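J.: A single structure is presented below for examination.
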Amino acid sequence: AGAAAAAARNQLEWLAQRSDVIPDAFSMEGVDYTPRSGTVSGSLIMRLMDTQGFNFIEEEIRPAMTATMTDAMFDGYEPEQRIKSERRHLYAIVASKILKRVSGKVSIEIDPRVAYDTAKTLEEVRVLASDCKRVGIDVDNKIIFKIPGTQEGIKAAGILTKKDGFCCQVTHVYSLAQAVAATEQGVAVVQPYVGRVNDWYKTHQDKNVDATEYATSDNPGVELVRCIYNYVRRGNKDTKIMAASIRTPEDALAVAGVDYMVISPGIIKSLALSGTSGAPDNSILEEHVEFNPRVSECAPPP
């Protein structure tokens with residue numbers, strides 16, 4: 001790790017040598033960094049609307065509406081179905097454009113409203129996969145479907161992984177229990193949220209025993225990522241870990257070594273402008289972590 005850090009010109013390069021850094025943005029203007037992977041989410045769509053305006057409407061939204069109108073002619077969509085269809089087509093179109101910029105895979109967020117219904121989640125992913133294929137995407141090799149980590153969602157992710165052969169990512173992971181359930185289903189990726197876990201602890205630390213008993217530092221979100229990562233590695237599982245909701249450069253550096261991390265353009269730029277002197281000496285692989293002992297011991301793999 002020391003040699004890799006010495007060769008890096010800044011903290012972004014140091015981090016990218018240890019983790020696949022995925023920007024929550026369509027492009028990274030002004031930063032000398034080419035991501036290997038990408039992601040499509042509601043926040044990305046809103047950012048594109050804000051930055052590209054009319055061009056985004058003409059180049060992405062209008063084709064999505066046209067594709068939906070074509071589907072409606074044959075399937076007779078109701079208004080709510082049309083909205084859902086437009087969303088799927090839009091996400092597929094954006095994913096196809098991101099794939100032209102990256103060498104790896106792109107993850108696509110499914111409609112979270114189906115999160116508590118296994119059958120609807122299965123249908124949503126299968127239709128979205130079909131829409132991706134319609135715009136020329138190699139779904140089997142280039143797309144990861146982001147499915148909320150509810151009990152029903154994790155069950156659906158397991159079916160889609162084993163039966164359909166899709167690459168699935170269980171997202172909205174806030175506990176080791178969710179991560180364990182997802183890995184047992186053989187999913188490709190689990191996605192814990194650093195910032196949102198910290199928010200919960202800050203809000204509940206005076207109200208809930210869990211918030212004080214299990215937080216062994218002032219950053220339980222980072223602890224959870226380390227804990228999940230070490231659980232997966234100790235069990236020699238194939239599941240990858242993607243850290244999300246990373247709100248500061250310090251949090252990004254704290255989880256260096258995780259397989260993937262999604263960070264904002266602002267944090268990426270901050271890391272690119274910072275020297276490597278602020279980078280930590282060790283990665284999460286080398287640290288002992290205990291988090292929520294009722295679920296599992298979270299020591300690093302032997």
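Ligands are numbered from 1 in the order shown, residues from 1 within each chain, and chains are lettered A, B, ... in the order they appear in the structure tokens.
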Apply DSSP to the structure's backbone, then extract all residues of segment 112-234 of chain A labelled strand (DSSP E) and return them as a ChimeraX atom specification.

T.: /A:143-148,167-173,189-192

J.: Using only C-alpha atoms, determine which residues lie at most 7 Å from segment 172-177 of chain A, disregarding the query and same-chain residues fewer than 6 positions distant; provide the list as a list of chain:residue names.

T.: A:Pro148, A:Gly149, A:Gln191, A:Pro192, A:Tyr193, A:Val197, A:Ile228, A:Val295

J.: Output N, CA and C atoms of each residue in that selection to a file, as an mmCIF file, in the first residue's frame.

T.:
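Result file result.cif:
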data_model
loop_
_atom_site.group_PDB
_atom_site.id
_atom_site.type_symbol
_atom_site.label_atom_id
_atom_site.label_comp_id
_atom_site.auth_asym_id
_atom_site.auth_seq_id
_atom_site.Cartn_x
_atom_site.Cartn_y
_atom_site.Cartn_z
ATOM 1 N N PRO A 148 -33.770 -2.571 -3.569
ATOM 2 C CA PRO A 148 -33.784 -2.223 -2.144
ATOM 3 C C PRO A 148 -33.678 -3.453 -1.246
ATOM 4 N N GLY A 149 -32.962 -3.293 -0.124
ATOM 5 C CA GLY A 149 -32.681 -4.412 0.759
ATOM 6 C C GLY A 149 -33.762 -4.742 1.758
ATOM 7 N N GLN A 191 -24.809 -2.721 -0.879
ATOM 8 C CA GLN A 191 -24.497 -1.294 -0.832
ATOM 9 C C GLN A 191 -24.924 -0.669 0.496
ATOM 10 N N PRO A 192 -24.025 -0.595 1.478
ATOM 11 C CA PRO A 192 -24.319 0.124 2.722
ATOM 12 C C PRO A 192 -24.168 1.633 2.547
ATOM 13 N N TYR A 193 -24.910 2.380 3.359
ATOM 14 C CA TYR A 193 -24.952 3.839 3.254
ATOM 15 C C TYR A 193 -24.293 4.474 4.481
ATOM 16 N N VAL A 197 -26.502 5.953 7.825
ATOM 17 C CA VAL A 197 -26.326 5.238 9.096
ATOM 18 C C VAL A 197 -25.903 6.217 10.186
ATOM 19 N N ILE A 228 -19.110 -5.221 7.267
ATOM 20 C CA ILE A 228 -19.662 -6.013 6.163
ATOM 21 C C ILE A 228 -18.543 -6.529 5.270
ATOM 22 N N VAL A 295 -25.398 -9.794 16.008
ATOM 23 C CA VAL A 295 -25.567 -10.391 14.692
ATOM 24 C C VAL A 295 -24.406 -11.295 14.336
#

J.: Tell me, as a ChimeraX atom specification, which residues lie within 7 Å of segment 123-134 of chain A, counting only C-alpha atoms; anything in the same chain fewer than 3 positions away does not count.

T.: /A:88-89,92,110,119-120,137-139

J.: Could you write out the selected residues, including all heavy atoms, as a tab-separated table (two decimals), in the first residue's frame?

T.:
chain	number	residue	atom	x	y	z
A	88	ARG	N	-38.43	3.70	-16.71
A	88	ARG	CA	-37.55	2.60	-17.10
A	88	ARG	C	-36.80	2.91	-18.39
A	88	ARG	O	-35.58	2.68	-18.49
A	88	ARG	CB	-38.35	1.30	-17.24
A	88	ARG	CG	-38.82	0.69	-15.93
A	88	ARG	CD	-39.36	-0.70	-16.14
A	88	ARG	NE	-40.55	-0.70	-16.98
A	88	ARG	CZ	-41.80	-0.71	-16.51
A	88	ARG	NH1	-42.01	-0.70	-15.19
A	88	ARG	NH2	-42.82	-0.71	-17.33
A	89	HIS	N	-37.52	3.41	-19.39
A	89	HIS	CA	-36.88	3.74	-20.67
A	89	HIS	C	-35.82	4.83	-20.48
A	89	HIS	O	-34.74	4.76	-21.08
A	89	HIS	CB	-37.92	4.18	-21.69
A	89	HIS	CG	-38.70	3.07	-22.29
A	89	HIS	ND1	-38.12	2.08	-23.05
A	89	HIS	CD2	-40.04	2.79	-22.25
A	89	HIS	CE1	-39.06	1.23	-23.46
A	89	HIS	NE2	-40.23	1.64	-22.98
A	92	ALA	N	-32.73	3.39	-18.89
A	92	ALA	CA	-32.01	2.56	-19.86
A	92	ALA	C	-31.22	3.42	-20.84
A	92	ALA	O	-30.06	3.12	-21.17
A	92	ALA	CB	-32.99	1.66	-20.61
A	110	ILE	N	-33.84	0.43	-9.51
A	110	ILE	CA	-35.21	0.10	-9.91
A	110	ILE	C	-36.18	0.97	-9.13
A	110	ILE	O	-35.81	1.67	-8.18
A	110	ILE	CB	-35.53	-1.40	-9.70
A	110	ILE	CG1	-35.68	-1.72	-8.20
A	110	ILE	CG2	-34.47	-2.28	-10.33
A	110	ILE	CD1	-36.40	-3.02	-7.93
A	119	ALA	N	-42.96	-10.25	-6.16
A	119	ALA	CA	-43.43	-10.48	-7.53
A	119	ALA	C	-43.28	-9.22	-8.37
A	119	ALA	O	-42.85	-9.28	-9.54
A	119	ALA	CB	-44.87	-10.96	-7.53
A	120	LYS	N	-43.63	-8.06	-7.83
A	120	LYS	CA	-43.52	-6.81	-8.58
A	120	LYS	C	-42.06	-6.42	-8.82
A	120	LYS	O	-41.73	-5.85	-9.86
A	120	LYS	CB	-44.25	-5.69	-7.84
A	120	LYS	CG	-45.77	-5.83	-7.86
A	120	LYS	CD	-46.45	-4.65	-7.18
A	120	LYS	CE	-47.96	-4.79	-7.24
A	120	LYS	NZ	-48.65	-3.66	-6.57
A	137	ILE	N	-27.97	-2.52	-25.07
A	137	ILE	CA	-27.09	-2.83	-23.94
A	137	ILE	C	-26.95	-4.34	-23.78
A	137	ILE	O	-27.93	-5.08	-23.85
A	137	ILE	CB	-27.65	-2.22	-22.64
A	137	ILE	CG1	-27.66	-0.69	-22.72
A	137	ILE	CG2	-26.82	-2.67	-21.44
A	137	ILE	CD1	-28.28	-0.03	-21.51
A	138	ASP	N	-25.72	-4.79	-23.53
A	138	ASP	CA	-25.45	-6.18	-23.19
A	138	ASP	C	-25.75	-6.36	-21.70
A	138	ASP	O	-24.87	-6.18	-20.85
A	138	ASP	CB	-23.99	-6.51	-23.50
A	138	ASP	CG	-23.61	-7.95	-23.15
A	138	ASP	OD1	-24.50	-8.70	-22.68
A	138	ASP	OD2	-22.43	-8.31	-23.33
A	139	VAL	N	-26.99	-6.68	-21.39
A	139	VAL	CA	-27.45	-6.70	-20.00
A	139	VAL	C	-26.66	-7.69	-19.15
A	139	VAL	O	-26.27	-7.38	-18.01
A	139	VAL	CB	-28.96	-7.03	-19.94
A	139	VAL	CG1	-29.40	-7.27	-18.50
A	139	VAL	CG2	-29.77	-5.90	-20.56

J.: Out of A:Lys146, A:Arg226, A:Arg62, A:Arg36, which residue has the shortest atom-to-atom distance to Ile98 of chain A when counting only C-alpha atoms?

T.: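 When distances to Ile98 of chain A are compared using only C-alpha atoms, the smallest one comes from A:Arg36.
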
J.: Against segment 115-118 of chain A, which residues of segment 136-253 of chain A fall within 8 Å? For each one I want the closest pair of atoms and the distance in Å (one decimal), counting only C-alpha atoms, rows by chain and increasing residue number, as a tab-separated table.

T.:
residue	atom	partner	partner_atom	distance
A:Ile147	CA	A:Ala115	CA	7.4
A:Pro148	CA	A:Ala115	CA	5.8
A:Gly149	CA	A:Ala115	CA	7.9
A:Thr150	CA	A:Ala115	CA	6.4
A:Gln151	CA	A:Tyr116	CA	7.5
A:Glu152	CA	A:Thr118	CA	4.9
A:Gly153	CA	A:Ala115	CA	5.5
A:Lys155	CA	A:Thr118	CA	6.8
A:Ala156	CA	A:Thr118	CA	5.3

J.: Go ahead and save the residues from that selection, with N, CA and C atoms, as a PDB file, in the first residue's frame.

T.:
ATOM      1  N   ILE A 147     -31.517  -3.199  -6.191  1.00  0.00           N
ATOM      2  CA  ILE A 147     -32.780  -3.601  -5.583  1.00  0.00           C
ATOM      3  C   ILE A 147     -32.756  -3.269  -4.086  1.00  0.00           C
ATOM      4  N   PRO A 148     -33.770  -2.571  -3.569  1.00  0.00           N
ATOM      5  CA  PRO A 148     -33.784  -2.223  -2.144  1.00  0.00           C
ATOM      6  C   PRO A 148     -33.678  -3.453  -1.246  1.00  0.00           C
ATOM      7  N   GLY A 149     -32.962  -3.293  -0.124  1.00  0.00           N
ATOM      8  CA  GLY A 149     -32.681  -4.412   0.759  1.00  0.00           C
ATOM      9  C   GLY A 149     -33.762  -4.742   1.758  1.00  0.00           C
ATOM     10  N   THR A 150     -35.011  -4.762   1.314  1.00  0.00           N
ATOM     11  CA  THR A 150     -36.095  -5.285   2.145  1.00  0.00           C
ATOM     12  C   THR A 150     -36.062  -6.808   2.096  1.00  0.00           C
ATOM     13  N   GLN A 151     -36.838  -7.447   2.951  1.00  0.00           N
ATOM     14  CA  GLN A 151     -36.902  -8.906   2.927  1.00  0.00           C
ATOM     15  C   GLN A 151     -37.383  -9.392   1.567  1.00  0.00           C
ATOM     16  N   GLU A 152     -38.393  -8.696   1.035  1.00  0.00           N
ATOM     17  CA  GLU A 152     -38.944  -9.090  -0.271  1.00  0.00           C
ATOM     18  C   GLU A 152     -37.961  -8.787  -1.400  1.00  0.00           C
ATOM     19  N   GLY A 153     -37.255  -7.660  -1.277  1.00  0.00           N
ATOM     20  CA  GLY A 153     -36.295  -7.296  -2.306  1.00  0.00           C
ATOM     21  C   GLY A 153     -35.121  -8.244  -2.355  1.00  0.00           C
ATOM     22  N   LYS A 155     -35.125 -11.352  -1.398  1.00  0.00           N
ATOM     23  CA  LYS A 155     -35.622 -12.607  -1.956  1.00  0.00           C
ATOM     24  C   LYS A 155     -35.676 -12.526  -3.483  1.00  0.00           C
ATOM     25  N   ALA A 156     -36.173 -11.403  -4.005  1.00  0.00           N
ATOM     26  CA  ALA A 156     -36.250 -11.220  -5.458  1.00  0.00           C
ATOM     27  C   ALA A 156     -34.863 -11.190  -6.077  1.00  0.00           C
TER      28      ALA A 156
END

J.: Could you find all residues in segment 54-158 of chain A that DSSP calls helix (DSSP H, G or I) from the backbone, and write them as JSON, numbers by chain?

T.: {"A": [54, 55, 56, 57, 58, 59, 60, 61, 62, 63, 64, 65, 66, 67, 68, 69, 70, 71, 72, 73, 74, 75, 79, 80, 81, 82, 83, 84, 85, 86, 87, 88, 89, 90, 91, 92, 93, 94, 95, 96, 97, 98, 99, 112, 113, 114, 118, 119, 120, 121, 122, 123, 124, 125, 126, 127, 128, 129, 130, 131, 132, 133, 134, 139, 140, 141, 142, 151, 152, 153, 154, 155, 156, 157, 158]}

J.: With only C-alpha atoms as the basis for distance, which of A:Val102, A:Leu48, A:Ala272, A:Val21 is at the shortest distance from Ala244 of chain A?

T.: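 When distances to Ala244 of chain A are compared using only C-alpha atoms, the smallest one comes from A:Val21.
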
J.: Need to verify the contact set: Ile267 of chain A, 10 Å, only C-alpha atoms, exclusion of same-chain residues closer than 5 positions in sequence. Can you return it as a tab-separated table (two decimals) with N, CA, C and O atoms, in the first residue's frame?

T.:
chain	number	residue	atom	x	y	z
A	12	LEU	N	-7.20	11.36	-4.78
A	12	LEU	CA	-8.11	10.65	-5.68
A	12	LEU	C	-7.40	9.48	-6.33
A	12	LEU	O	-7.95	8.38	-6.41
A	23	PRO	N	-18.40	8.03	-9.80
A	23	PRO	CA	-19.00	9.35	-9.58
A	23	PRO	C	-20.52	9.31	-9.73
A	23	PRO	O	-21.04	8.64	-10.61
A	246	ILE	N	-21.52	8.74	0.91
A	246	ILE	CA	-20.25	9.24	1.43
A	246	ILE	C	-20.25	10.76	1.26
A	246	ILE	O	-20.29	11.26	0.14
A	247	ARG	N	-20.22	11.48	2.36
A	247	ARG	CA	-20.46	12.92	2.32
A	247	ARG	C	-19.22	13.78	2.51
A	247	ARG	O	-19.29	15.00	2.35
A	248	THR	N	-18.10	13.15	2.87
A	248	THR	CA	-16.88	13.93	3.07
A	248	THR	C	-15.69	13.17	2.48
A	248	THR	O	-15.72	11.94	2.40
A	249	PRO	N	-14.64	13.89	2.11
A	249	PRO	CA	-13.42	13.21	1.65
A	249	PRO	C	-12.85	12.28	2.73
A	249	PRO	O	-12.31	11.21	2.40
A	250	GLU	N	-13.00	12.66	3.99
A	250	GLU	CA	-12.48	11.84	5.08
A	250	GLU	C	-13.17	10.48	5.13
A	250	GLU	O	-12.52	9.45	5.36
A	252	ALA	N	-14.56	8.96	2.58
A	252	ALA	CA	-14.10	8.21	1.41
A	252	ALA	C	-12.76	7.55	1.69
A	252	ALA	O	-12.55	6.37	1.38
A	272	ALA	N	-9.03	15.22	-5.65
A	272	ALA	CA	-8.07	15.45	-6.74
A	272	ALA	C	-7.15	16.62	-6.45
A	272	ALA	O	-6.03	16.68	-6.96
A	273	LEU	N	-7.62	17.55	-5.62
A	273	LEU	CA	-6.83	18.74	-5.31
A	273	LEU	C	-6.00	18.59	-4.04
A	273	LEU	O	-5.29	19.51	-3.64

J.: For Asp20 of chain A, which of A:Gly158, A:Gly221, A:Gly104, A:Gly42 is the closest residue, counting only C-alpha atoms?

T.: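 Of A:Gly158, A:Gly221, A:Gly104, A:Gly42, the one nearest Asp20 of chain A, counting only C-alpha atoms, is A:Gly104.
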
J.: What is the distance, in Å and to one decimal place, between atom CA of Ile144 of chain A and atom CA of Cys167 of chain A?

T.: 4.9 Å

J.: Please determine, counting only C-alpha atoms, which residue among A:Asn198, A:Asn230, A:Ser41, A:Asn219 has the shortest atom-to-atom distance to Arg87 of chain A.

T.: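 That would be A:Ser41, the residue with the smallest distance to Arg87 of chain A.
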
J.: With only C-alpha atoms as the counted atoms, please give the residues lying no more than 12 Å from Asp24 of chain A, apart from itself and same-chain residues fewer than 5 positions off, as a ChimeraX atom specification.

T.: /A:35,37-48,98,106-108,244-247,261-268

J.: Rank A:Asn55, A:Arg113, A:Pro220, A:Ala254 by their smallest atom-to-atom distance to Asp199 of chain A, using only C-alpha atoms, and report the top residue only.

T.: A:Pro220

J.: If you measure from atom CA of Gln11 of chain A to atom CA of Thr276 of chain A, what distance in Å do you get, rounded to one decimal?

T.: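 About the pair atom CA of Gln11 of chain A and atom CA of Thr276 of chain A: they are 4.9 Å apart.
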
J.: Could you please determine the separation between atom CA of Cys227 of chain A and atom CA of Gln185 of chain A in Å, to one decimal place?

T.: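 Between these atoms lies a distance of 18.7 Å.
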
J.: Between A:Val187, A:Leu160, A:Val135, A:Ala181, which one has atoms that come closest to Leu122 of chain A, using only C-alpha atoms?

T.: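 Result for the nearest residue to Leu122 of chain A: A:Leu160.
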